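Read the structure below first, then the notes.
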Amino acid sequence: MTFVDEDTITQVALERWATTHDPRLRQIMGSLIQHVHDFIREVELTHDEWLAAAEYLTQVGHISDDKRKEFVLLSDVIGASMLVVLINGRTPEGATANTVLGPFHIEDSPTLERDSNMAAGIDGTPLYVSGTVRDKSGRAMAGVVLDIWQADEAGDYEAQIPDSPPRLRGLQVTDNHGRYGFWTISPKGYSIPMDGPVGALMKKTDIPHFRPAHIHFLMSAPGHETVVTHLFREGAEYLDSDVVFGAKRELVVPFIEHPPGKAPDGTVLDRPFLTISHDFVMVPTTSEQE
Ligand code: BEZ
Ligand code: FE
């Protein structure tokens, strides 16, 4: 039998967890135990603080379900989600950059036909978004699936509205010229959800709890790395203080203002509207690059 003391417990725990069968899980558990023990020693964690942390994580769990992803949000606000993106999503020069997925993506969105309106019946300034998806050598990519979602003008995603029908999200497939195009409303900056344990923690800080105006895209194509990205509005508030560290210079695009009249898809509008024209670039999966 092994008895431990303050000096030996870390080594004993590491040896015990070194029996983990899967090599990658063994590496992760070993490193996690080392860092957690180092952290407890460094801050000299008290028993009450340890209990408070356990209670806090319990609250994060209690408020979470398949739509309210409070653990993801917690990871987002401490920069952990974005660090994972930065490590895993290193893209070559010219390729579309990745950013956080966020907690509001919903699978199986409705089909968004070319040039149709993702925001039908929802208040806001009309915005036409179009462009192409290309590969690294500039060739148009047909059949790329674009999964698109955004918040409404109040900053709410469908996932935050109880029993909502599908809204402000859609799936569109690029045509033979790699083109996509859809109508929506111009997104606004919004606050992350502040009514749960993550909000309670944020309120103990001076951190601005807002994200700059953006639209989400998740792009997939066989043989290519999946791209999880946003387009941010140039000049938007909070671009330099994005609470989840997700804003990147190369993802900031102009939202061009137009007076009433004819839009690029031929639609005639009787009120001012905006357009975004943006080409995405995908890279082959790592195995195909080698
Ligand atoms: C979002 O952009 O939808 C989002 C990302 C991280 C945290 C909260 C919201
Ligand atoms: Fe968002």
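So you can find residues: chains in the structure tokens are A, B, ... in the order shown, residues in each start at 1, and ligands are numbered from 1 in order.
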Which residues are close to Glu237 (chain A), i.e. within 10 Å by only C-alpha atoms, leaving aside same-chain residues fewer than 3 positions away? Reply as number ranges by chain. A: 188-190, 210-213, 233-234, 240-242
Contacts between ligand 2 and chain A, please, where a residue of chain A counts if it comes within 9 Å (with only C-alpha atoms and all ligand atoms); show its shortest atom pair and distance in Å to one decimal, rows by chain and ascending number, as CSV.
residue,atom,partner,partner_atom_place_in_ligand_line,distance
A:Val100,CA,ligand 2,1 (Fe),9.0
A:Leu101,CA,ligand 2,1 (Fe),8.2
A:Gly102,CA,ligand 2,1 (Fe),6.6
A:Pro103,CA,ligand 2,1 (Fe),8.3
A:Phe104,CA,ligand 2,1 (Fe),7.2
A:His105,CA,ligand 2,1 (Fe),8.8
A:Trp149,CA,ligand 2,1 (Fe),7.9
A:Gln150,CA,ligand 2,1 (Fe),5.9
A:Ala151,CA,ligand 2,1 (Fe),6.5
A:Gly155,CA,ligand 2,1 (Fe),8.6
A:Tyr157,CA,ligand 2,1 (Fe),7.9
A:Gly189,CA,ligand 2,1 (Fe),8.7
A:Tyr190,CA,ligand 2,1 (Fe),8.2
A:Ile192,CA,ligand 2,1 (Fe),8.7
A:Arg211,CA,ligand 2,1 (Fe),7.3
A:Pro212,CA,ligand 2,1 (Fe),8.5
A:Ala213,CA,ligand 2,1 (Fe),7.9
A:His214,CA,ligand 2,1 (Fe),6.3
A:Ile215,CA,ligand 2,1 (Fe),6.6
A:His216,CA,ligand 2,1 (Fe),6.3
A:His230,CA,ligand 2,1 (Fe),8.0
Mind writing the picked residues with N, CA and C atoms as a compact mmCIF listing (two decimals), in the first residue's frame?
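Result saved to selection_18.txt:
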# COMPACT_ATOMS: atom_id res chain seq x y z
N VAL A 100 -13.89 30.43 -33.57
CA VAL A 100 -14.69 29.58 -32.67
C VAL A 100 -16.02 29.14 -33.30
N LEU A 101 -16.46 27.96 -32.93
CA LEU A 101 -17.79 27.49 -33.35
C LEU A 101 -18.87 28.18 -32.53
N GLY A 102 -18.62 28.36 -31.24
CA GLY A 102 -19.61 28.97 -30.36
C GLY A 102 -20.67 27.97 -29.94
N PRO A 103 -21.52 28.38 -29.00
CA PRO A 103 -22.49 27.42 -28.45
C PRO A 103 -23.83 27.37 -29.18
N PHE A 104 -23.99 28.12 -30.28
CA PHE A 104 -25.33 28.25 -30.85
C PHE A 104 -25.53 27.56 -32.19
N HIS A 105 -24.56 26.75 -32.60
CA HIS A 105 -24.74 26.03 -33.87
C HIS A 105 -25.76 24.92 -33.67
N TRP A 149 -25.32 30.51 -39.90
CA TRP A 149 -26.24 30.89 -38.81
C TRP A 149 -25.83 32.24 -38.22
N GLN A 150 -26.80 32.92 -37.64
CA GLN A 150 -26.52 34.23 -37.06
C GLN A 150 -27.60 34.59 -36.03
N ALA A 151 -27.33 35.68 -35.31
CA ALA A 151 -28.30 36.19 -34.32
C ALA A 151 -29.23 37.20 -34.98
N GLY A 155 -29.87 40.20 -30.77
CA GLY A 155 -28.72 39.41 -30.34
C GLY A 155 -29.07 37.99 -29.98
N TYR A 157 -29.98 34.06 -30.81
CA TYR A 157 -29.93 32.94 -31.76
C TYR A 157 -31.16 32.09 -31.53
N GLY A 189 -23.78 43.51 -33.06
CA GLY A 189 -23.01 42.98 -31.94
C GLY A 189 -23.97 42.56 -30.84
N TYR A 190 -23.56 41.61 -30.03
CA TYR A 190 -24.47 41.15 -28.96
C TYR A 190 -23.68 40.70 -27.74
N ILE A 192 -22.89 37.94 -24.87
CA ILE A 192 -23.03 36.51 -24.62
C ILE A 192 -24.06 36.32 -23.50
N ARG A 211 -19.76 40.45 -28.31
CA ARG A 211 -19.11 40.01 -29.54
C ARG A 211 -19.41 41.02 -30.65
N PRO A 212 -18.44 41.26 -31.53
CA PRO A 212 -18.71 42.16 -32.66
C PRO A 212 -19.65 41.50 -33.67
N ALA A 213 -20.38 42.32 -34.45
CA ALA A 213 -21.36 41.81 -35.41
C ALA A 213 -20.72 40.82 -36.38
N HIS A 214 -21.37 39.67 -36.57
CA HIS A 214 -20.79 38.63 -37.43
C HIS A 214 -21.85 37.64 -37.90
N ILE A 215 -21.50 36.92 -38.96
CA ILE A 215 -22.29 35.78 -39.44
C ILE A 215 -21.39 34.55 -39.37
N HIS A 216 -21.96 33.41 -38.93
CA HIS A 216 -21.18 32.17 -38.83
C HIS A 216 -21.28 31.34 -40.11
N HIS A 230 -16.24 32.99 -39.32
CA HIS A 230 -17.25 34.06 -39.29
C HIS A 230 -16.84 35.10 -40.35
If DSSP is run on the backbone, what residues of region 123-187 of chain A are strand (DSSP E)? A reply as a PyMOL selection string would be ideal. chain A and resi 126-135+145-149+169-173+179-185
Could those selected residues go to a file with C-alpha atoms, as a PDB file, in the first residue's frame?
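Dumped to again-v8.pdb:
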ATOM      1  CA  PRO A 126     -31.572  43.554 -45.686  1.00  0.00           C
ATOM      2  CA  LEU A 127     -28.126  42.127 -46.434  1.00  0.00           C
ATOM      3  CA  TYR A 128     -27.129  40.170 -49.527  1.00  0.00           C
ATOM      4  CA  VAL A 129     -24.106  37.895 -48.997  1.00  0.00           C
ATOM      5  CA  SER A 130     -22.443  36.268 -51.998  1.00  0.00           C
ATOM      6  CA  GLY A 131     -19.162  35.046 -53.412  1.00  0.00           C
ATOM      7  CA  THR A 132     -17.374  31.852 -54.288  1.00  0.00           C
ATOM      8  CA  VAL A 133     -15.588  29.016 -52.565  1.00  0.00           C
ATOM      9  CA  ARG A 134     -12.224  28.221 -54.159  1.00  0.00           C
ATOM     10  CA  ASP A 135      -9.349  25.856 -53.549  1.00  0.00           C
ATOM     11  CA  VAL A 145     -21.879  22.714 -48.127  1.00  0.00           C
ATOM     12  CA  LEU A 146     -22.154  26.061 -46.352  1.00  0.00           C
ATOM     13  CA  ASP A 147     -23.874  25.868 -42.965  1.00  0.00           C
ATOM     14  CA  ILE A 148     -24.796  29.453 -42.041  1.00  0.00           C
ATOM     15  CA  TRP A 149     -26.236  30.891 -38.807  1.00  0.00           C
ATOM     16  CA  ARG A 169     -29.860  29.482 -40.272  1.00  0.00           C
ATOM     17  CA  GLY A 170     -29.588  27.453 -43.463  1.00  0.00           C
ATOM     18  CA  LEU A 171     -27.593  25.046 -45.590  1.00  0.00           C
ATOM     19  CA  GLN A 172     -26.499  26.056 -49.077  1.00  0.00           C
ATOM     20  CA  VAL A 173     -24.444  24.103 -51.621  1.00  0.00           C
ATOM     21  CA  ARG A 179     -20.870  30.339 -56.132  1.00  0.00           C
ATOM     22  CA  TYR A 180     -23.086  30.911 -53.114  1.00  0.00           C
ATOM     23  CA  GLY A 181     -25.532  33.724 -52.375  1.00  0.00           C
ATOM     24  CA  PHE A 182     -28.317  34.445 -49.894  1.00  0.00           C
ATOM     25  CA  TRP A 183     -30.317  37.216 -48.308  1.00  0.00           C
ATOM     26  CA  THR A 184     -30.415  37.825 -44.578  1.00  0.00           C
ATOM     27  CA  ILE A 185     -30.497  40.778 -42.165  1.00  0.00           C
TER      28      ILE A 185
END
Who sits within 8 Å of region 13-20 of chain A, only C-alpha atoms, same chain under 2 positions skipped, as a PyMOL selection string: chain A and resi 9-11+22-23+25-26+29-30+33-34
Pro92 (chain A) environment, 9 Å, only C-alpha atoms, sequence neighbours closer than 4 positions dropped, as a ChimeraX atom specification: /A:96-97,136,283
Let me see the file: selected residues, all heavy atoms, as an mmCIF file, in the first residue's frame.
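Everything below was put into result-v2.cif:
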data_model
loop_
_atom_site.group_PDB
_atom_site.id
_atom_site.type_symbol
_atom_site.label_atom_id
_atom_site.label_comp_id
_atom_site.auth_asym_id
_atom_site.auth_seq_id
_atom_site.Cartn_x
_atom_site.Cartn_y
_atom_site.Cartn_z
ATOM 1 N N THR A 96 -8.953 30.561 -45.953
ATOM 2 C CA THR A 96 -9.875 31.161 -44.988
ATOM 3 C C THR A 96 -9.517 30.715 -43.565
ATOM 4 O O THR A 96 -9.344 29.524 -43.309
ATOM 5 C CB THR A 96 -11.325 30.764 -45.326
ATOM 6 O OG1 THR A 96 -11.636 31.282 -46.620
ATOM 7 C CG2 THR A 96 -12.303 31.327 -44.310
ATOM 8 N N ALA A 97 -9.413 31.665 -42.679
ATOM 9 C CA ALA A 97 -9.023 31.381 -41.297
ATOM 10 C C ALA A 97 -10.195 30.787 -40.514
ATOM 11 O O ALA A 97 -11.357 31.065 -40.811
ATOM 12 C CB ALA A 97 -8.557 32.671 -40.628
ATOM 13 N N LYS A 136 -6.989 26.177 -53.052
ATOM 14 C CA LYS A 136 -5.779 26.986 -52.894
ATOM 15 C C LYS A 136 -5.240 27.499 -54.213
ATOM 16 O O LYS A 136 -4.596 28.537 -54.288
ATOM 17 C CB LYS A 136 -4.693 26.146 -52.189
ATOM 18 C CG LYS A 136 -4.644 26.379 -50.709
ATOM 19 C CD LYS A 136 -3.341 25.923 -50.080
ATOM 20 C CE LYS A 136 -2.821 24.626 -50.672
ATOM 21 N NZ LYS A 136 -1.575 24.167 -50.076
ATOM 22 N N VAL A 283 -8.608 24.353 -47.962
ATOM 23 C CA VAL A 283 -7.360 23.614 -48.230
ATOM 24 C C VAL A 283 -7.617 22.111 -48.135
ATOM 25 O O VAL A 283 -8.503 21.673 -47.394
ATOM 26 C CB VAL A 283 -6.222 24.010 -47.254
ATOM 27 C CG1 VAL A 283 -5.812 25.443 -47.474
ATOM 28 C CG2 VAL A 283 -6.610 23.781 -45.812
#
Residues near region 38-53 of chain A, anyone? I mean within 10 Å using only C-alpha atoms, not counting same-chain ones fewer than 6 positions away, as an MDAnalysis selection string. chainID A and resid 6 10 32 59
Kindly export the residues of the current selection with all heavy atoms, as a tab-separated table (two decimals), in the first residue's frame.
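As a result, selection35.tsv now contains:
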chain	number	residue	atom	x	y	z
A	6	GLU	N	2.22	15.49	1.11
A	6	GLU	CA	2.16	16.64	0.20
A	6	GLU	C	3.25	16.56	-0.87
A	6	GLU	O	3.05	17.02	-2.00
A	6	GLU	CB	2.31	17.92	1.04
A	6	GLU	CG	2.01	19.17	0.28
A	6	GLU	CD	2.20	20.42	1.14
A	6	GLU	OE1	1.96	20.38	2.36
A	6	GLU	OE2	2.62	21.45	0.56
A	10	THR	N	1.72	13.88	-6.02
A	10	THR	CA	1.66	14.10	-7.47
A	10	THR	C	2.30	12.91	-8.20
A	10	THR	O	1.73	12.37	-9.16
A	10	THR	CB	2.37	15.42	-7.84
A	10	THR	OG1	1.74	16.47	-7.12
A	10	THR	CG2	2.29	15.70	-9.34
A	32	LEU	N	-2.64	16.66	-17.44
A	32	LEU	CA	-3.71	17.32	-16.67
A	32	LEU	C	-3.43	17.22	-15.16
A	32	LEU	O	-3.50	18.22	-14.44
A	32	LEU	CB	-5.05	16.68	-17.01
A	32	LEU	CG	-6.27	17.27	-16.28
A	32	LEU	CD1	-6.56	18.67	-16.79
A	32	LEU	CD2	-7.50	16.39	-16.47
A	59	GLN	N	-23.18	23.93	-11.20
A	59	GLN	CA	-24.16	24.89	-11.76
A	59	GLN	C	-24.03	24.99	-13.28
A	59	GLN	O	-25.03	25.07	-13.99
A	59	GLN	CB	-23.95	26.28	-11.15
A	59	GLN	CG	-24.41	26.39	-9.72
A	59	GLN	CD	-23.97	27.71	-9.10
A	59	GLN	OE1	-23.63	28.66	-9.80
A	59	GLN	NE2	-23.97	27.76	-7.78
Go through A:Glu70, A:Asp76, A:Asp279, A:Asp5 one by one, measure the shortest atom-to-atom distance of each to ligand 1 using only C-alpha atoms and all ligand atoms, and give the residue with the smallest value. A:Asp76
Measuring atom to atom with only C-alpha atoms, identify which of A:Ala159, A:Val253, A:Ala54, A:Ala140 is nearest to Lys67 (chain A).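 Once distances to Lys67 (chain A) are computed over only C-alpha atoms, the minimum belongs to A:Ala159.
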Identify, on the basis of only C-alpha atoms, every residue whose closest approach to Thr267 (chain A) does not exceed 10 Å; exclude the query and any residue fewer than 4 positions from it along the same chain; express the result as a PyMOL selection string. chain A and resi 115+128+261-263
Residues within 9 Å of Thr125 (chain A), please, as a PyMOL selection string. Count only C-alpha atoms; anything in the same chain fewer than 5 positions from it doesn't count. chain A and resi 184-187+271-274
Atoms kept (C-alpha atoms) for selection, written as a PDB file, in the first residue's frame:
ATOM      1  CA  THR A 184     -30.415  37.825 -44.578  1.00  0.00           C
ATOM      2  CA  ILE A 185     -30.497  40.778 -42.165  1.00  0.00           C
ATOM      3  CA  SER A 186     -27.432  42.671 -41.064  1.00  0.00           C
ATOM      4  CA  PRO A 187     -26.187  41.164 -37.777  1.00  0.00           C
ATOM      5  CA  ARG A 271     -35.298  50.550 -48.907  1.00  0.00           C
ATOM      6  CA  PRO A 272     -31.554  50.793 -48.261  1.00  0.00           C
ATOM      7  CA  PHE A 273     -29.688  47.512 -48.110  1.00  0.00           C
ATOM      8  CA  LEU A 274     -26.190  46.128 -47.582  1.00  0.00           C
TER       9      LEU A 274
END
Could you pull out the helix (DSSP H, G or I) residues of region 77-281 of chain A from DSSP and send them as an mmCIF file with N, CA and C atoms, in the first residue's frame?
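File written: part20.cif
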data_model
loop_
_atom_site.group_PDB
_atom_site.id
_atom_site.type_symbol
_atom_site.label_atom_id
_atom_site.label_comp_id
_atom_site.auth_asym_id
_atom_site.auth_seq_id
_atom_site.Cartn_x
_atom_site.Cartn_y
_atom_site.Cartn_z
ATOM 1 N N VAL A 77 -14.884 32.016 -22.960
ATOM 2 C CA VAL A 77 -14.528 33.295 -22.329
ATOM 3 C C VAL A 77 -13.147 33.276 -21.673
ATOM 4 N N ALA A 80 -9.886 29.372 -24.010
ATOM 5 C CA ALA A 80 -9.465 27.990 -24.264
ATOM 6 C C ALA A 80 -9.959 27.509 -25.631
ATOM 7 N N SER A 81 -11.203 27.829 -25.975
ATOM 8 C CA SER A 81 -11.745 27.376 -27.270
ATOM 9 C C SER A 81 -10.909 27.948 -28.407
ATOM 10 N N MET A 82 -10.606 29.249 -28.306
ATOM 11 C CA MET A 82 -9.864 29.883 -29.402
ATOM 12 C C MET A 82 -8.434 29.352 -29.467
ATOM 13 N N LEU A 83 -7.846 29.013 -28.331
ATOM 14 C CA LEU A 83 -6.492 28.437 -28.363
ATOM 15 C C LEU A 83 -6.509 27.085 -29.083
ATOM 16 N N VAL A 84 -7.540 26.296 -28.841
ATOM 17 C CA VAL A 84 -7.664 25.013 -29.546
ATOM 18 C C VAL A 84 -7.804 25.265 -31.052
ATOM 19 N N VAL A 85 -8.602 26.269 -31.413
ATOM 20 C CA VAL A 85 -8.756 26.620 -32.836
ATOM 21 C C VAL A 85 -7.408 27.027 -33.422
ATOM 22 N N LEU A 86 -6.675 27.869 -32.697
ATOM 23 C CA LEU A 86 -5.413 28.397 -33.228
ATOM 24 C C LEU A 86 -4.382 27.282 -33.412
ATOM 25 N N ILE A 87 -4.374 26.327 -32.484
ATOM 26 C CA ILE A 87 -3.409 25.235 -32.582
ATOM 27 C C ILE A 87 -3.762 24.276 -33.723
ATOM 28 N N ASN A 88 -5.061 23.983 -33.834
ATOM 29 C CA ASN A 88 -5.486 22.966 -34.803
ATOM 30 C C ASN A 88 -5.830 23.528 -36.172
ATOM 31 N N GLU A 158 -31.492 31.304 -32.561
ATOM 32 C CA GLU A 158 -32.643 30.394 -32.423
ATOM 33 C C GLU A 158 -32.540 29.551 -31.154
ATOM 34 N N ALA A 159 -31.321 29.076 -30.865
ATOM 35 C CA ALA A 159 -31.131 28.192 -29.708
ATOM 36 C C ALA A 159 -31.520 28.860 -28.393
ATOM 37 N N GLN A 160 -31.619 30.198 -28.400
ATOM 38 C CA GLN A 160 -31.963 30.919 -27.164
ATOM 39 C C GLN A 160 -33.465 31.202 -27.058
ATOM 40 N N PRO A 197 -24.082 30.799 -14.863
ATOM 41 C CA PRO A 197 -22.841 30.836 -14.070
ATOM 42 C C PRO A 197 -21.677 31.533 -14.781
ATOM 43 N N VAL A 198 -21.633 31.461 -16.123
ATOM 44 C CA VAL A 198 -20.552 32.176 -16.817
ATOM 45 C C VAL A 198 -20.756 33.679 -16.660
ATOM 46 N N GLY A 199 -22.011 34.144 -16.823
ATOM 47 C CA GLY A 199 -22.315 35.559 -16.628
ATOM 48 C C GLY A 199 -21.976 35.992 -15.208
ATOM 49 N N ALA A 200 -22.309 35.150 -14.228
ATOM 50 C CA ALA A 200 -22.029 35.494 -12.824
ATOM 51 C C ALA A 200 -20.526 35.697 -12.618
ATOM 52 N N LEU A 201 -19.730 34.865 -13.258
ATOM 53 C CA LEU A 201 -18.264 34.997 -13.146
ATOM 54 C C LEU A 201 -17.777 36.260 -13.864
ATOM 55 N N MET A 202 -18.343 36.519 -15.065
ATOM 56 C CA MET A 202 -17.948 37.705 -15.827
ATOM 57 C C MET A 202 -18.249 38.988 -15.047
ATOM 58 N N ARG A 249 -8.293 39.684 -38.064
ATOM 59 C CA ARG A 249 -8.265 40.766 -39.059
ATOM 60 C C ARG A 249 -8.759 40.278 -40.425
ATOM 61 N N GLU A 250 -8.297 39.079 -40.841
ATOM 62 C CA GLU A 250 -8.606 38.600 -42.191
ATOM 63 C C GLU A 250 -10.074 38.199 -42.363
ATOM 64 N N LEU A 251 -10.827 38.175 -41.275
ATOM 65 C CA LEU A 251 -12.253 37.818 -41.371
ATOM 66 C C LEU A 251 -13.155 39.048 -41.282
#
From the options A:Gly61, A:Gly124, A:Pro208, A:Gly266, which residue's atoms come nearest to Tyr238 (chain A), counting only C-alpha atoms?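 Looking at the shortest contact to Tyr238 (chain A), the residue is A:Pro208.
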From the options A:Leu269, A:Ala154, A:Ala95, A:Leu74, which residue's atoms come nearest to ligand 1, counting only C-alpha atoms and all ligand atoms? A:Leu74
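Candidate residues A:Pro193, A:Gly235, A:Pro254, A:Gly143 were compared for distance to ligand 1, and the nearest is A:Pro193, using only C-alpha atoms and all ligand atoms.
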Nearest to ligand 1 by atom-to-atom distance, counting only C-alpha atoms and all ligand atoms, from A:Glu113, A:Asp152, A:Asp108, A:Glu55: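 Counting only C-alpha atoms and all ligand atoms, the residue closest to ligand 1 is A:Asp152.
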Separating CA of His278 (chain A) from CA of Pro259 (chain A), to the nearest tenth of an Å, is a gap of 20.5 Å
